[in-house]
$ cat work-v6.cif   # mmCIF, C-alpha atoms
data_structure
loop_
_atom_site.label_atom_id
_atom_site.label_comp_id
_atom_site.auth_asym_id
_atom_site.auth_seq_id
_atom_site.Cartn_x
_atom_site.Cartn_y
_atom_site.Cartn_z
CA MET A 1 0.00 0.00 0.00
CA LEU A 2 2.75 2.47 0.94
CA THR A 3 4.73 1.48 -2.15
CA ALA A 4 1.75 2.20 -4.42
CA ARG A 5 1.20 5.60 -2.77
CA LEU A 6 4.88 6.48 -3.12
CA LYS A 7 4.83 5.49 -6.80
CA THR A 8 1.79 7.69 -7.43
CA LEU A 9 3.30 10.53 -5.43
CA GLY A 10 6.64 10.07 -7.19
CA LEU A 11 5.03 10.27 -10.63
CA ARG A 12 3.06 13.40 -9.76
CA TYR A 13 6.10 14.94 -8.05
CA GLY A 14 8.21 14.14 -11.09
CA LEU A 15 5.77 15.83 -13.45
CA VAL A 16 5.54 18.98 -11.34
CA SER A 17 9.28 19.01 -10.70
CA GLY A 18 9.95 18.71 -14.41
CA LEU A 19 7.76 21.72 -15.10
CA CYS A 20 9.36 23.67 -12.25
CA PHE A 21 12.85 22.58 -13.37
CA ALA A 22 12.18 23.86 -16.87
CA THR A 23 10.56 27.10 -15.70
CA ASN A 24 13.34 27.79 -13.20
CA ASN A 25 16.08 27.14 -15.76
CA VAL A 26 14.44 29.18 -18.51
CA LEU A 27 14.01 32.15 -16.18
CA LEU A 28 17.58 31.92 -14.83
CA LEU A 29 19.07 31.56 -18.29
CA LEU A 30 17.02 34.47 -19.66
CA LEU A 31 18.24 36.66 -16.82
CA ALA A 32 21.82 35.49 -17.39
CA ARG A 33 21.52 36.27 -21.08
CA ALA A 34 20.22 39.72 -20.15
CA GLY A 35 23.43 40.23 -18.18
CA MET A 36 22.14 39.76 -14.64
CA HIS A 37 24.60 38.29 -12.09
CA TYR A 38 23.56 34.94 -10.61
CA ALA A 39 22.88 36.34 -7.11
CA PRO A 40 20.05 38.75 -8.00
CA ALA A 41 18.82 36.35 -10.69
CA VAL A 42 18.34 33.64 -8.06
CA VAL A 43 16.40 36.05 -5.83
CA VAL A 44 14.13 37.18 -8.67
CA VAL A 45 13.43 33.62 -9.81
CA THR A 46 12.87 32.41 -6.23
CA CYS A 47 10.21 35.10 -5.70
CA PHE A 48 8.36 33.77 -8.74
CA MET A 49 8.95 30.06 -8.18
CA ILE A 50 7.72 29.82 -4.57
CA PRO A 51 4.05 30.61 -5.24
CA PHE A 52 4.16 28.95 -8.67
CA SER A 53 5.52 25.66 -7.32
CA TYR A 54 3.36 25.76 -4.18
CA PHE A 55 0.21 26.04 -6.28
CA LEU A 56 1.29 23.06 -8.42
CA HIS A 57 2.44 20.85 -5.53
CA ALA A 58 -0.53 21.60 -3.26
CA GLY A 59 -3.08 21.22 -6.04
CA PHE A 60 -1.61 18.36 -8.08
CA THR A 61 1.30 16.57 -6.41
CA TYR A 62 -0.24 16.20 -2.94
CA ARG A 63 -3.83 17.08 -3.90
CA LEU A 64 -4.44 19.21 -0.85
CA GLY A 65 -6.23 22.44 -0.28
CA MET A 66 -4.06 25.50 -0.09
CA GLY A 67 -3.75 27.49 3.09
CA VAL A 68 -1.70 30.10 4.85
CA GLY A 69 -0.08 27.55 7.16
CA SER A 70 1.06 25.16 4.45
CA PHE A 71 2.17 28.07 2.25
CA GLY A 72 4.20 29.43 5.18
CA ARG A 73 5.88 26.07 5.79
CA TYR A 74 6.49 25.61 2.06
CA THR A 75 7.93 29.11 1.76
CA ALA A 76 10.19 28.53 4.79
CA GLY A 77 11.69 25.46 3.14
CA GLN A 78 11.94 27.04 -0.29
CA VAL A 79 13.48 30.31 0.94
CA LEU A 80 16.56 28.25 1.73
CA ASN A 81 16.81 27.53 -2.00
CA ALA A 82 18.11 31.03 -2.70
CA PRO A 83 21.23 30.89 -0.49
CA ALA A 84 21.80 27.23 -1.37
CA SER A 85 21.55 28.07 -5.08
CA MET A 86 23.89 31.03 -4.68
CA LEU A 87 26.41 28.85 -2.84
CA ILE A 88 26.26 26.22 -5.58
CA TYR A 89 26.65 28.94 -8.24
CA ALA A 90 29.57 30.46 -6.32
CA ILE A 91 31.32 27.10 -6.20
CA LEU A 92 30.63 26.29 -9.85
CA CYS A 93 31.06 29.76 -11.39
CA ASP A 94 33.54 31.50 -9.14
CA GLY A 95 35.34 28.40 -7.91
CA PHE A 96 35.44 26.22 -11.01
CA GLY A 97 35.05 28.95 -13.62
CA LEU A 98 31.87 27.60 -15.23
CA SER A 99 29.53 30.00 -16.97
CA MET A 100 26.07 30.49 -15.48
CA MET A 101 24.73 28.71 -18.56
CA ALA A 102 26.75 25.59 -17.70
CA ALA A 103 26.18 25.82 -13.93
CA THR A 104 22.39 26.25 -14.04
CA PRO A 105 21.44 22.65 -14.92
CA ILE A 106 23.94 21.29 -12.37
CA MET A 107 22.57 23.57 -9.64
CA THR A 108 18.96 22.74 -10.49
CA VAL A 109 19.48 18.97 -10.43
CA THR A 110 21.23 19.29 -7.07
CA MET A 111 18.20 21.06 -5.63
CA VAL A 112 15.62 18.41 -6.63
CA VAL A 113 16.11 16.22 -3.55
CA TRP A 114 16.02 19.22 -1.24
CA ASN A 115 12.80 20.45 -2.83
CA PHE A 116 11.13 17.06 -2.50
CA LEU A 117 11.96 16.88 1.20
CA CYS A 118 10.72 20.43 1.79
CA SER A 119 7.48 20.00 -0.11
CA TYR A 120 6.77 16.70 1.63
CA TRP A 121 7.43 18.29 5.03
CA ALA A 122 5.25 21.30 4.25
CA LEU A 123 2.33 19.54 2.61
CA ALA A 124 1.94 15.77 2.89
CA HIS A 125 3.72 15.06 6.18
CA ARG A 126 1.53 17.44 8.19
CA THR A 127 -1.73 15.98 6.97
CA GLY A 128 -0.81 12.31 7.10
CA ARG A 129 -1.59 11.99 3.39
CA GLU A 130 0.71 10.22 0.95
#

$ encode --input "work-v6.cif" --output "structure tokens"
Amino acid sequence: MLTARLKTLGLRYGLVSGLCFATNNVLLLLLARAGMHYAPAVVVVTCFMIPFSYFLHAGFTYRLGMGVGSFGRYTAGQVLNAPASMLIYAILCDGFGLSMMAATPIMTVTMVVWNFLCSYWALAHRTGRE
């Protein structure tokens, strides 16, 4: 029973994460192409992605109603994405000399596990669902 629920949750999470992955990368790369440094670009994209991804995860991945409490928990977990992303960019761009274009997919893939844990904590874990 738990295995079936995790498979269903994993499929839905994968679909939403794929859309968020693509949206996040497109926005970051557009800002990089426009000449924006990775630090403010991450902040700008984070401000867009938090409500966008919350809406998708609450409504589709976990199939829960949206509320101030779950949005607050979700935001708390996701706000850590910005400094974590900047640290990863600093290591990849400033440390290893990669361009933001090359570092963006690496950074985004690294964040997938973190985002799953945060969204589960904020949404499904609290309600006992999934």

$ axis_aligned_box --input "work-v6.cif" --around "range 54-59 of chain A" --padding-each-side "5 Å" --output "AutoDock Vina command-line options"
--center_x 0.1 --center_y 23.4 --center_z -5.8 --size_x 16.4 --size_y 15.2 --size_z 15.2

$ atom_distance --input "work-v6.cif" --atom1 "CA of Val79 in chain A" --atom2 "CA of Asn25 in chain A"
17.2 Å

$ resolve_selection --input "work-v6.cif" --expression "the PyMOL selection byres ((chain A and resi 90-104) around 12)" --output "short mmCIF file (atom, residue, chain, number, x, y, z; two decimals) with C-alpha atoms, in the coordinates of the input"
data_model
loop_
_atom_site.label_atom_id
_atom_site.label_comp_id
_atom_site.auth_asym_id
_atom_site.auth_seq_id
_atom_site.Cartn_x
_atom_site.Cartn_y
_atom_site.Cartn_z
CA PHE A 21 12.85 22.58 -13.37
CA ALA A 22 12.18 23.86 -16.87
CA THR A 23 10.56 27.10 -15.70
CA ASN A 24 13.34 27.79 -13.20
CA ASN A 25 16.08 27.14 -15.76
CA VAL A 26 14.44 29.18 -18.51
CA LEU A 27 14.01 32.15 -16.18
CA LEU A 28 17.58 31.92 -14.83
CA LEU A 29 19.07 31.56 -18.29
CA LEU A 30 17.02 34.47 -19.66
CA LEU A 31 18.24 36.66 -16.82
CA ALA A 32 21.82 35.49 -17.39
CA ARG A 33 21.52 36.27 -21.08
CA ALA A 34 20.22 39.72 -20.15
CA GLY A 35 23.43 40.23 -18.18
CA MET A 36 22.14 39.76 -14.64
CA HIS A 37 24.60 38.29 -12.09
CA TYR A 38 23.56 34.94 -10.61
CA ALA A 39 22.88 36.34 -7.11
CA ALA A 41 18.82 36.35 -10.69
CA VAL A 42 18.34 33.64 -8.06
CA PRO A 83 21.23 30.89 -0.49
CA ALA A 84 21.80 27.23 -1.37
CA SER A 85 21.55 28.07 -5.08
CA MET A 86 23.89 31.03 -4.68
CA LEU A 87 26.41 28.85 -2.84
CA ILE A 88 26.26 26.22 -5.58
CA TYR A 89 26.65 28.94 -8.24
CA PRO A 105 21.44 22.65 -14.92
CA ILE A 106 23.94 21.29 -12.37
CA MET A 107 22.57 23.57 -9.64
CA THR A 108 18.96 22.74 -10.49
CA VAL A 109 19.48 18.97 -10.43
CA THR A 110 21.23 19.29 -7.07
CA MET A 111 18.20 21.06 -5.63
#

$ closest_residue --input "work-v6.cif" --among "A:Ala122, A:Cys20, A:Val113, A:Leu15" --to "Val45 in chain A" --atoms "all atoms listed in the file"
A:Cys20

$ residues_around --input "work-v6.cif" --residues "range 57-72 of chain A" --least-positions-apart "5" --cutoff "7 Å" --atoms "all atoms listed in the file" --output "list in words"
Leu9, Arg12, Tyr13, Val16, Ala122, Leu123 and Ala124 of chain A

$ atom_distance --input "work-v6.cif" --atom1 "CA of Val112 in chain A" --atom2 "CA of Lys7 in chain A"
16.8 Å

$ atom_distance --input "work-v6.cif" --atom1 "CA of Trp121 in chain A" --atom2 "CA of Pro40 in chain A"
27.3 Å

$ decode --input "work-v6.cif" --residues "range 76-112 of chain A" --atoms "N, CA and C atoms" --output "short mmCIF file (atom, residue, chain, number, x, y, z; two decimals), in the first residue's frame"
data_model
loop_
_atom_site.label_atom_id
_atom_site.label_comp_id
_atom_site.auth_asym_id
_atom_site.auth_seq_id
_atom_site.Cartn_x
_atom_site.Cartn_y
_atom_site.Cartn_z
N ALA A 76 9.03 28.65 3.89
CA ALA A 76 10.19 28.53 4.79
C ALA A 76 11.22 27.56 4.23
N GLY A 77 10.76 26.43 3.73
CA GLY A 77 11.69 25.46 3.14
C GLY A 77 12.29 25.96 1.84
N GLN A 78 11.48 26.60 1.03
CA GLN A 78 11.94 27.04 -0.29
C GLN A 78 12.83 28.28 -0.22
N VAL A 79 12.64 29.12 0.80
CA VAL A 79 13.48 30.31 0.94
C VAL A 79 14.95 29.90 1.07
N LEU A 80 15.18 28.73 1.63
CA LEU A 80 16.56 28.25 1.73
C LEU A 80 17.15 27.91 0.37
N ASN A 81 16.30 27.79 -0.64
CA ASN A 81 16.81 27.53 -2.00
C ASN A 81 17.71 28.66 -2.49
N ALA A 82 17.35 29.89 -2.18
CA ALA A 82 18.11 31.03 -2.70
C ALA A 82 19.56 31.00 -2.22
N PRO A 83 19.82 30.94 -0.90
CA PRO A 83 21.23 30.89 -0.49
C PRO A 83 21.93 29.60 -0.92
N ALA A 84 21.18 28.48 -0.93
CA ALA A 84 21.80 27.23 -1.37
C ALA A 84 22.17 27.33 -2.85
N SER A 85 21.27 27.90 -3.65
CA SER A 85 21.55 28.07 -5.08
C SER A 85 22.73 29.01 -5.30
N MET A 86 22.77 30.10 -4.54
CA MET A 86 23.89 31.03 -4.68
C MET A 86 25.21 30.38 -4.29
N LEU A 87 25.18 29.56 -3.25
CA LEU A 87 26.41 28.85 -2.84
C LEU A 87 26.85 27.89 -3.93
N ILE A 88 25.91 27.15 -4.50
CA ILE A 88 26.26 26.22 -5.58
C ILE A 88 26.80 26.99 -6.78
N TYR A 89 26.14 28.11 -7.14
CA TYR A 89 26.65 28.94 -8.24
C TYR A 89 28.05 29.47 -7.92
N ALA A 90 28.26 29.93 -6.69
CA ALA A 90 29.57 30.46 -6.32
C ALA A 90 30.66 29.40 -6.49
N ILE A 91 30.35 28.19 -6.06
CA ILE A 91 31.32 27.10 -6.20
C ILE A 91 31.57 26.80 -7.67
N LEU A 92 30.49 26.67 -8.45
CA LEU A 92 30.63 26.29 -9.85
C LEU A 92 31.17 27.43 -10.72
N CYS A 93 30.66 28.64 -10.53
CA CYS A 93 31.06 29.76 -11.39
C CYS A 93 32.35 30.42 -10.92
N ASP A 94 32.37 30.81 -9.65
CA ASP A 94 33.54 31.50 -9.14
C ASP A 94 34.68 30.54 -8.81
N GLY A 95 34.32 29.37 -8.29
CA GLY A 95 35.34 28.40 -7.91
C GLY A 95 35.90 27.61 -9.08
N PHE A 96 35.00 27.06 -9.90
CA PHE A 96 35.44 26.22 -11.01
C PHE A 96 35.46 26.94 -12.36
N GLY A 97 34.99 28.17 -12.40
CA GLY A 97 35.05 28.95 -13.62
C GLY A 97 34.00 28.61 -14.66
N LEU A 98 32.93 27.92 -14.27
CA LEU A 98 31.87 27.60 -15.23
C LEU A 98 31.03 28.85 -15.50
N SER A 99 30.47 28.92 -16.67
CA SER A 99 29.53 30.00 -16.97
C SER A 99 28.22 29.69 -16.25
N MET A 100 27.38 30.71 -16.10
CA MET A 100 26.07 30.49 -15.48
C MET A 100 25.25 29.54 -16.34
N MET A 101 25.45 29.61 -17.65
CA MET A 101 24.73 28.71 -18.56
C MET A 101 25.07 27.24 -18.27
N ALA A 102 26.33 26.97 -17.99
CA ALA A 102 26.75 25.59 -17.70
C ALA A 102 26.38 25.19 -16.28
N ALA A 103 26.43 26.13 -15.34
CA ALA A 103 26.18 25.82 -13.93
C ALA A 103 24.70 25.64 -13.61
N THR A 104 23.83 26.28 -14.36
CA THR A 104 22.39 26.25 -14.04
C THR A 104 21.80 24.84 -14.01
N PRO A 105 22.01 24.01 -15.01
CA PRO A 105 21.44 22.65 -14.92
C PRO A 105 22.03 21.85 -13.76
N ILE A 106 23.31 22.02 -13.47
CA ILE A 106 23.94 21.29 -12.37
C ILE A 106 23.31 21.72 -11.05
N MET A 107 23.16 23.04 -10.87
CA MET A 107 22.57 23.57 -9.64
C MET A 107 21.13 23.08 -9.49
N THR A 108 20.37 23.10 -10.56
CA THR A 108 18.96 22.74 -10.49
C THR A 108 18.79 21.26 -10.14
N VAL A 109 19.56 20.40 -10.75
CA VAL A 109 19.48 18.97 -10.43
C VAL A 109 19.83 18.72 -8.97
N THR A 110 20.82 19.44 -8.47
CA THR A 110 21.23 19.29 -7.07
C THR A 110 20.10 19.65 -6.12
N MET A 111 19.26 20.59 -6.50
CA MET A 111 18.20 21.06 -5.63
C MET A 111 16.95 20.17 -5.62
N VAL A 112 16.84 19.22 -6.53
CA VAL A 112 15.62 18.41 -6.63
C VAL A 112 15.34 17.63 -5.34
#
